[in-house]
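A.B. asks: Here's a structure for you.
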Amino acid sequence: MNKNIQKTALTTSAVLAGMALGVSVNQNEVSADTTSTAATSATTTDQQLANMQSAHAVTESAAAASNAAVMNSATTSANSQIADLNNQIQTRQASDAAMQQASQASAIASVNQAATSATAAENASYSQAVASQTAANNEALKSAQSTIVTEQQKNQKTAQENADYQNQAGNLDSEHNATLNKLDQDLKNNTDGTNAAIQKEISRQKADEQGAIDQAAKNFDSQISAADTEVGKAQQTVNADQDVVNAKDAANKAANQAVKNAQDKLSGTQDALKKAQANQPVVNTIDAPAEYINVWKEYLQTKKPGGWTLSKSDYPELYARLQKAEQEAVKQSNYQEDPAATQIKVTLNPNGTLSRDDVIFATQYAASLINPIREAIGTNPYKITNASIDVAQEVENGYRDDNWNTWDNGHDNNRLGQIAKNWGTSMIGESWAGDGSFGKLRYDENTHKWTHDYSNLTRNDLQRGIYNAVKALLFECEKENSTSSNDHTTDLLGVRAANSHGIVAGDILGVSFDYGKGMESAGQVNIGGFHFDSLVDGNSERTKQMHANGGVFKSGSSEDKTIQGSNYDQIAIPSANHNDQIKQLQAAVATDTQALNDAKTKASTTASELKSAQDKLASDQAKLSQAQARVNDLRAKKENTLKAMVTDPMQSPAIKNLQAKLAQARADHDNGVKAEEAQYAVKTKDLKTKHEAKLAAIAAQPTSLAELQSQLQAKLDTLKTQHEAKLKQITDDANAKIAKIKNQKVADPEIDKLNAQIAQIKSDLAKKQQELDSQYEALKTKNQAEYDALANKLNPSTKALANGSTQQVFTSRSGKVAYVVPSHQSIATSGVVKTVSEQNNSDSLSKEFQSQNNNRLPQTGNRSSLAMVLLGAAAAMFGVGLAGKKKEY
């Protein structure tokens with residue numbers, strides 16, 4: 001966008017002229033611009049702002065001129081009023097001065113008259129004193145012979161007076177000390193007596209207090225003792241209740257265990273029945289030849305007393321026959337695989353032992369193989385009980401806990417002995433056979449050893465292992481050149497007890513198995529073995545007869561847990577015949593069902609009894625807690641009561657009264673001493689004063705007529721000096737009074753009122769000036785606000801100046817800067833205000849008002865002409881610029 005602007009060189013006079021005529025020129029150019037463009041559009045932005053500013057300048061200048069005129073008029077009026085008031089003040093001051101002069105003259109005359117009278121009185125008094133002293137002097141001169149003394153006489157009198165003084169002072173000191181000593185002794189007597197009374201009172205109070213405390217403690221101790229007795233009784237009751245609860249709990253646990261055992265037994269029997277009914281199992285038996293049976297029958301008949309073995313050395317013929325029979329039995333007895341049994345998994349615990357169900361099965365299976373042979377040779381068949389199963393499990397777990405290698409170490413006799421002791425039975429018999437056909441054997445290429453694997457095994461595997469283990473134990477000497485004593489065979493066949501007077505295990509069987517760490521032999525690792533553990537039947541006729549014969553042993557005694565409660569419950573041994581097995585299992589199911597119901601009934605009873613016992617225990621425990629709480633409460637009350645009974649005797653009224661008596665005695669003593677000291681000081685001073693007066697009188701005695709005359713004249717001189725001093729004092733007092741009278745000011749309330757009016761006129765004039773200034777500033781603020789609003793509306797830009805003010809920058813429509821007007825620019829110029837000079841207060845008023853009007857333009861009231869100068873310059877510039885033709889694109 002281009003815009004033609006006529007360039008004109010402005011001389012200084014032209015600029016000043018433009019300033020002076022800025023408003024009118026601008027208006028003319030607006031009109032010319034409008035005419036030249038032949039348009040009816042609104043004035044330009046620059047013209048609108050300039051017009052408003054010109055209008056504002058006019059209103060502000062008019063307001064300033066009006067204000068100046070008002071203040072000039074008000075000042076003139078005020079000065080006139082003040083001058084009149086000052087004249088009134090001067091008139092009253094002159095009148096007051098005349099009145100004061102007359103009053104002062106009268107007062108001064110009165111003072112002078114009083115001074116004259118006082119002087120006359122003093123002169124008369126002095127004349128009388130001189131006459132009296134002169135007469136006295138004459139009399140003294142007449143009796144001079146008796147008055148005049150020698151120096152020796154004066155010295156003697158002085159010495160005598162000093163001696164008398166010393167005696168009197170000494171007597172005074174003695175009396176003083178005696179009085180003080182008496183006061184001290186009285187204090188001591190009072191203090192000692194009162195302290196003794198305090199101690200006696202303390203002892204009495206302590207004794208009374210201790211007696212009361214002892215009695216209270218005795219009363220509490222009696223109550224506590226009774227409460228302790230109740231606690232003891234309650235504790236005994238609770239202890240008895242606890243014993244009953246423990247017994248009932250043990251009975252309930254035993255009953256619940258019996259229920260579990262009965263349930264387990266029933267479940268096992270039911271499972272066995274279901275399997276027996278569903279499958280035609282393979283029946284494995286150990287075929288013992290007739291000769292084998294006969295040999296053991298003969299052994300029973302010929303067995304030496306106390307013997308347990310059938311050795312080659314002791315029984316050579318039987319041994320040879322047995323060896324041949326065993327060789328035949330080994331050929332005839334071979335395990336047949338049982339397909340039905342392969343469907344049942346064997347459970348081995350993480351420590352390498354059989355589960356309880358599998359221990360029961362293993363025991364049943366072993367007993368089914370062995371019992372037919374035992375019956376054939378005439379020994380009692382094995383029985384199976386809960387105790388024998390539990391013992392078998394404890395044995396297998398014990399061997400594993402000890403990491404026992406039976407292959408190398410044989411039986412773990414310490415463990416077997418400990419288990420027997422725990423069960424209260426005399427012994428546990430054991431035969432052990434290493435596993436040769438239960439686990440699976442695999443070769444480890446890394447260790448180059450054969451390892452037995454017992455994972456994923458079935459009852460068929462377990463049956464095979466037990467079958468071969470029993471076969472090995474029953475046919476020990478079947479190999480040629482065997483040196484076996486058949487001790488395992490005698491254990492399994494139960495022939496040891498024959499012709500023996502001692503306790504022999506072998507009545508009740510439990511079979512278990514273990515493998516694991518430490519079980520190594522002949523290059524094979526992890527190889528396990530079967531435990532055939534047997535118990536003494538404490539309820540057998542043989543055991544009872546041995547007790548009846550005076551035998552002392554645990555089996556069959558009250559210590560024998562194997563025959564107590566459900567421990568002695570028997571577990572059925574299935575028959576080898578299938579039909580018999582089913583019948584036996586059906587009968588066992590019925591028996592076990594009844595046993596389970598009985599066990600449940602008993603468990604219900606024991607649970608009810610336990611609940612009753614527990615309820616009674618809880619009730620008695622609550623009573624015990626109450627009794628204990630009472631004891632604790634009594635002990636706490638005792639402690640608190642005894643503490644509360646302990647008092648401080650020094651705080652009692654009696655002690656406080658005695659202490660007050662002590663304090664009074666001390667106060668009386670101190671007051672007595674103080675009074676005595678004061679009297680002593682007075683007496684001492686009086687004595688000394690009299691002594692010094694006597695010495696002075698002695699010293700003053702004349703030793704010649706001339707000295708006497710001199711002394712007498714001195715008295716007259718003293719009278720004269722005193723007289724002159726009194727006359728001077730009278731004169732001085734009169735002069736002081738006259739000066740005070742002259743300095744007194746006349747109090748005129750009317751003058752004060754006139755001064756107050758002057759002050760009010762000044763105040764009103766100042767307020768008037770302030771009001772006019774405020775109105776003027778409000779006008780300027782309003783004008784500035786209107787100007788700023790228009791400038792903002794016309795899109796002005798505002799710049800911040802370095803001094804903190806702002807400037808408005810206005811641009812023409814061409815976009816170029818036309819002028820800059822600072823916002824709130826201070827205006828400084830000098831102005832002249834005519835002032836009125838008056839006397840006194842009018843001068844200060846003129847100066848005060850003149851100060852307010854200095855640096856103020858009369859026509860505007862602004863404190864600087866810069867804004868107006870800029871306004872005029874801007875108007876001139878616009879005037880030049882607008883004179884030319886404009887073209888906008």
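By convention here, the chains of the structure tokens are called A, B, ... in the order presented, each chain's residues are numbered starting at 1, and ligands are numbered starting at 1 in the order presented.
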With a distance cut-off of 6 Å and only C-alpha atoms, select the neighbouring residues of stretch 390-393 of chain A, excluding the residue or stretch itself and same-chain residues fewer than 4 positions from it, and output the selection as a PDB file with C-alpha atoms, in the first residue's frame.
C.D. replies:
```pdb
ATOM      1  CA  GLY A 510       3.027-106.997  59.560  1.00  0.00           C
ATOM      2  CA  VAL A 511       4.870-106.844  56.227  1.00  0.00           C
ATOM      3  CA  SER A 512       6.447-103.640  54.884  1.00  0.00           C
TER       4      SER A 512
END
```
A.B. asks: For A:Gln586, list every protein, DNA or RNA residue within 9 Å, evaluated using only C-alpha atoms, and leave out those in the same chain fewer than 5 positions away; present the list as a list in words.
C.D. replies: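 Result of the neighbour search: Thr269, Gln270, Leu273, Gln581 and Thr591 of chain A.
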A.B. asks: Please, could you write that set of residues out with C-alpha atoms as a compact mmCIF listing (two decimals), in the first residue's frame?
C.D. replies:
```
# COMPACT_ATOMS: atom_id res chain seq x y z
CA THR A 269 -12.70 -105.04 52.40
CA GLN A 270 -15.34 -103.57 50.08
CA LEU A 273 -14.94 -107.82 47.54
CA GLN A 581 -12.70 -115.42 49.38
CA THR A 591 -18.44 -107.27 60.29
```
A.B. asks: Could you pull the residues within 9 Å of A:Arg630, counting only C-alpha atoms, minus those fewer than 6 positions along the same chain, as a list in words?
C.D. replies: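 Residues near the query, excluding close chain neighbours: Ile224, Ala227 and Asp228 of chain A.
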A.B. asks: Give me the residues within 12 Å of A:Asp615 as number ranges by chain, counting only C-alpha atoms and dropping any in the same chain fewer than 3 places off.
C.D. replies: A: 238, 241-242, 244-245, 608-612, 618-622
A.B. asks: Would you save the residues of that selection, restricted to C-alpha atoms, as a PDB file, in the first residue's frame?
C.D. replies:
```
ATOM      1  CA  VAL A 238      -9.574 -76.348  86.239  1.00  0.00           C
ATOM      2  CA  ASP A 241     -11.278 -80.401  84.286  1.00  0.00           C
ATOM      3  CA  GLN A 242      -8.242 -80.238  82.007  1.00  0.00           C
ATOM      4  CA  VAL A 244     -10.846 -84.865  82.103  1.00  0.00           C
ATOM      5  CA  VAL A 245     -10.768 -82.885  78.842  1.00  0.00           C
ATOM      6  CA  SER A 608     -20.433 -85.355  73.388  1.00  0.00           C
ATOM      7  CA  GLU A 609     -18.493 -86.186  76.533  1.00  0.00           C
ATOM      8  CA  LEU A 610     -15.576 -84.098  75.290  1.00  0.00           C
ATOM      9  CA  LYS A 611     -17.912 -81.175  74.571  1.00  0.00           C
ATOM     10  CA  SER A 612     -19.406 -81.405  78.061  1.00  0.00           C
ATOM     11  CA  ALA A 618     -14.471 -73.149  80.044  1.00  0.00           C
ATOM     12  CA  SER A 619     -16.929 -72.359  82.835  1.00  0.00           C
ATOM     13  CA  ASP A 620     -14.414 -73.218  85.545  1.00  0.00           C
ATOM     14  CA  GLN A 621     -11.682 -71.302  83.712  1.00  0.00           C
ATOM     15  CA  ALA A 622     -13.960 -68.261  83.724  1.00  0.00           C
TER      16      ALA A 622
END
```
A.B. asks: Can you pull out every residue within 7 Å of stretch 147-157 of chain A, counting only C-alpha atoms, but drop anything in the same chain fewer than 3 positions away, and send it as a ChimeraX atom specification?
C.D. replies: /A:143-144,160-161,698-699,701-704
A.B. asks: Do you know which residues are at most 10 Å from stretch 492-495 of chain A counting only C-alpha atoms, after dropping those on the same chain fewer than 2 positions away, and could you put them as number ranges by chain?
C.D. replies: A: 296-297, 299-300, 303, 307-309, 366-367, 370-375, 377-382, 429-431, 470, 473-474, 487-490, 497-500, 504-507, 509, 532-534
A.B. asks: Which neighbours of stretch 782-785 of chain A fall inside 8 Å, counting only C-alpha atoms, when residues of the same chain fewer than 4 positions from it are skipped, and could you give them as an MDAnalysis selection string?
C.D. replies: chainID A and resid 56 778 789
A.B. asks: Write out as a ChimeraX atom specification all residues of stretch 447-551 of chain A that DSSP puts in helix (DSSP H, G or I) for this structure's backbone.
C.D. replies: /A:459-474,487-493,541-548
A.B. asks: With N, CA, C and O atoms retained, could you export that selection as a compact mmCIF listing (two decimals), in the first residue's frame?
C.D. replies:
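Below is the file that was written, result13.txt:
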```
# COMPACT_ATOMS: atom_id res chain seq x y z
N ARG A 459 0.03 -104.09 41.89
CA ARG A 459 -0.11 -105.14 42.90
C ARG A 459 0.47 -106.46 42.38
O ARG A 459 0.95 -107.29 43.17
N ASN A 460 0.45 -106.68 41.10
CA ASN A 460 1.06 -107.90 40.54
C ASN A 460 2.55 -107.91 40.84
O ASN A 460 3.11 -108.95 41.21
N ASP A 461 3.23 -106.73 40.68
CA ASP A 461 4.65 -106.63 41.00
C ASP A 461 4.87 -106.88 42.49
O ASP A 461 5.83 -107.56 42.89
N LEU A 462 3.97 -106.31 43.33
CA LEU A 462 4.12 -106.48 44.77
C LEU A 462 3.93 -107.94 45.16
O LEU A 462 4.68 -108.48 45.99
N GLN A 463 2.91 -108.59 44.56
CA GLN A 463 2.67 -110.02 44.86
C GLN A 463 3.88 -110.85 44.47
O GLN A 463 4.31 -111.75 45.21
N ARG A 464 4.45 -110.56 43.31
CA ARG A 464 5.62 -111.32 42.86
C ARG A 464 6.78 -111.16 43.83
O ARG A 464 7.47 -112.11 44.20
N GLY A 465 7.01 -109.89 44.26
CA GLY A 465 8.11 -109.66 45.19
C GLY A 465 7.90 -110.37 46.50
O GLY A 465 8.85 -110.96 47.06
N ILE A 466 6.68 -110.32 47.05
CA ILE A 466 6.40 -110.99 48.33
C ILE A 466 6.51 -112.51 48.18
O ILE A 466 7.07 -113.20 49.04
N TYR A 467 5.95 -113.02 47.08
CA TYR A 467 5.98 -114.47 46.83
C TYR A 467 7.43 -114.96 46.85
O TYR A 467 7.77 -115.93 47.54
N ASN A 468 8.30 -114.32 46.08
CA ASN A 468 9.69 -114.76 46.01
C ASN A 468 10.42 -114.54 47.32
O ASN A 468 11.32 -115.30 47.68
N ALA A 469 10.06 -113.45 48.08
CA ALA A 469 10.69 -113.21 49.37
C ALA A 469 10.31 -114.32 50.35
O ALA A 469 11.16 -114.84 51.09
N VAL A 470 9.01 -114.70 50.39
CA VAL A 470 8.56 -115.78 51.29
C VAL A 470 9.21 -117.11 50.89
O VAL A 470 9.66 -117.89 51.76
N LYS A 471 9.29 -117.34 49.62
CA LYS A 471 9.92 -118.57 49.11
C LYS A 471 11.38 -118.64 49.54
O LYS A 471 11.86 -119.69 50.00
N ALA A 472 12.08 -117.48 49.46
CA ALA A 472 13.50 -117.48 49.87
C ALA A 472 13.65 -117.71 51.37
O ALA A 472 14.60 -118.36 51.81
N LEU A 473 12.71 -117.16 52.16
CA LEU A 473 12.82 -117.30 53.61
C LEU A 473 12.40 -118.68 54.10
O LEU A 473 12.94 -119.19 55.10
N LEU A 474 11.43 -119.32 53.40
CA LEU A 474 10.97 -120.65 53.82
C LEU A 474 11.92 -121.77 53.38
O LEU A 474 12.01 -122.81 54.03
N ASP A 487 17.00 -119.93 60.47
CA ASP A 487 16.41 -119.11 61.53
C ASP A 487 15.26 -118.25 61.00
O ASP A 487 14.30 -117.96 61.72
N HIS A 488 15.31 -117.79 59.69
CA HIS A 488 14.19 -117.06 59.14
C HIS A 488 12.98 -117.96 58.99
O HIS A 488 11.84 -117.55 59.21
N THR A 489 13.24 -119.24 58.60
CA THR A 489 12.15 -120.19 58.40
C THR A 489 11.44 -120.47 59.71
O THR A 489 10.21 -120.53 59.77
N THR A 490 12.23 -120.69 60.77
CA THR A 490 11.62 -120.95 62.08
C THR A 490 10.77 -119.77 62.53
O THR A 490 9.78 -119.94 63.24
N ASP A 491 11.19 -118.51 62.11
CA ASP A 491 10.41 -117.32 62.47
C ASP A 491 9.08 -117.33 61.74
O ASP A 491 8.02 -117.18 62.34
N LEU A 492 9.11 -117.53 60.40
CA LEU A 492 7.88 -117.46 59.61
C LEU A 492 6.93 -118.61 59.92
O LEU A 492 5.71 -118.44 59.85
N LEU A 493 7.48 -119.80 60.27
CA LEU A 493 6.60 -120.94 60.52
C LEU A 493 6.10 -120.98 61.95
O LEU A 493 5.25 -121.81 62.28
N GLU A 541 -3.28 -117.62 74.77
CA GLU A 541 -3.32 -118.48 75.95
C GLU A 541 -1.92 -118.71 76.49
O GLU A 541 -1.72 -118.77 77.70
N ARG A 542 -0.93 -118.85 75.58
CA ARG A 542 0.44 -119.07 76.03
C ARG A 542 0.95 -117.90 76.84
O ARG A 542 1.56 -118.09 77.91
N THR A 543 0.68 -116.66 76.36
CA THR A 543 1.15 -115.46 77.07
C THR A 543 0.46 -115.35 78.43
O THR A 543 1.10 -115.03 79.45
N LYS A 544 -0.84 -115.62 78.46
CA LYS A 544 -1.57 -115.54 79.73
C LYS A 544 -1.05 -116.58 80.72
O LYS A 544 -0.92 -116.30 81.92
N GLN A 545 -0.76 -117.77 80.21
CA GLN A 545 -0.26 -118.82 81.11
C GLN A 545 1.12 -118.45 81.65
O GLN A 545 1.42 -118.71 82.83
N MET A 546 1.94 -117.83 80.81
CA MET A 546 3.26 -117.42 81.28
C MET A 546 3.15 -116.35 82.36
O MET A 546 3.90 -116.38 83.34
N HIS A 547 2.21 -115.43 82.23
CA HIS A 547 1.98 -114.45 83.29
C HIS A 547 1.46 -115.13 84.54
O HIS A 547 1.86 -114.78 85.66
N ALA A 548 0.58 -116.11 84.34
CA ALA A 548 0.04 -116.84 85.49
C ALA A 548 1.14 -117.61 86.21
O ALA A 548 1.08 -117.80 87.44
```
A.B. asks: Which is closest to A:Leu662 among A:Asp192, A:Asp435, A:Glu60, A:Asp173, if we use only C-alpha atoms?
C.D. replies: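 Nearest candidate to A:Leu662 out of A:Asp192, A:Asp435, A:Glu60, A:Asp173: A:Asp192.
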A.B. asks: With only C-alpha atoms as the basis for distance, which of A:Ala140, A:Leu658, A:Ala320, A:Ala254 is at the shortest distance from A:Asn481?
C.D. replies: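 Distance minimum relative to A:Asn481 lands on A:Ala320.
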A.B. asks: Check the smallest atom-to-atom distance from each of A:Ile213, A:Leu727, A:Leu354, A:His176 to A:Ala678 using only C-alpha atoms, then report the winner.
C.D. replies: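 Selected residue with least distance to A:Ala678: A:His176.
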A.B. asks: Between atom CA of A:Gln626 and atom CA of A:Asp214, what is the distance, to one decimal in Å?
C.D. replies: 27.2 Å
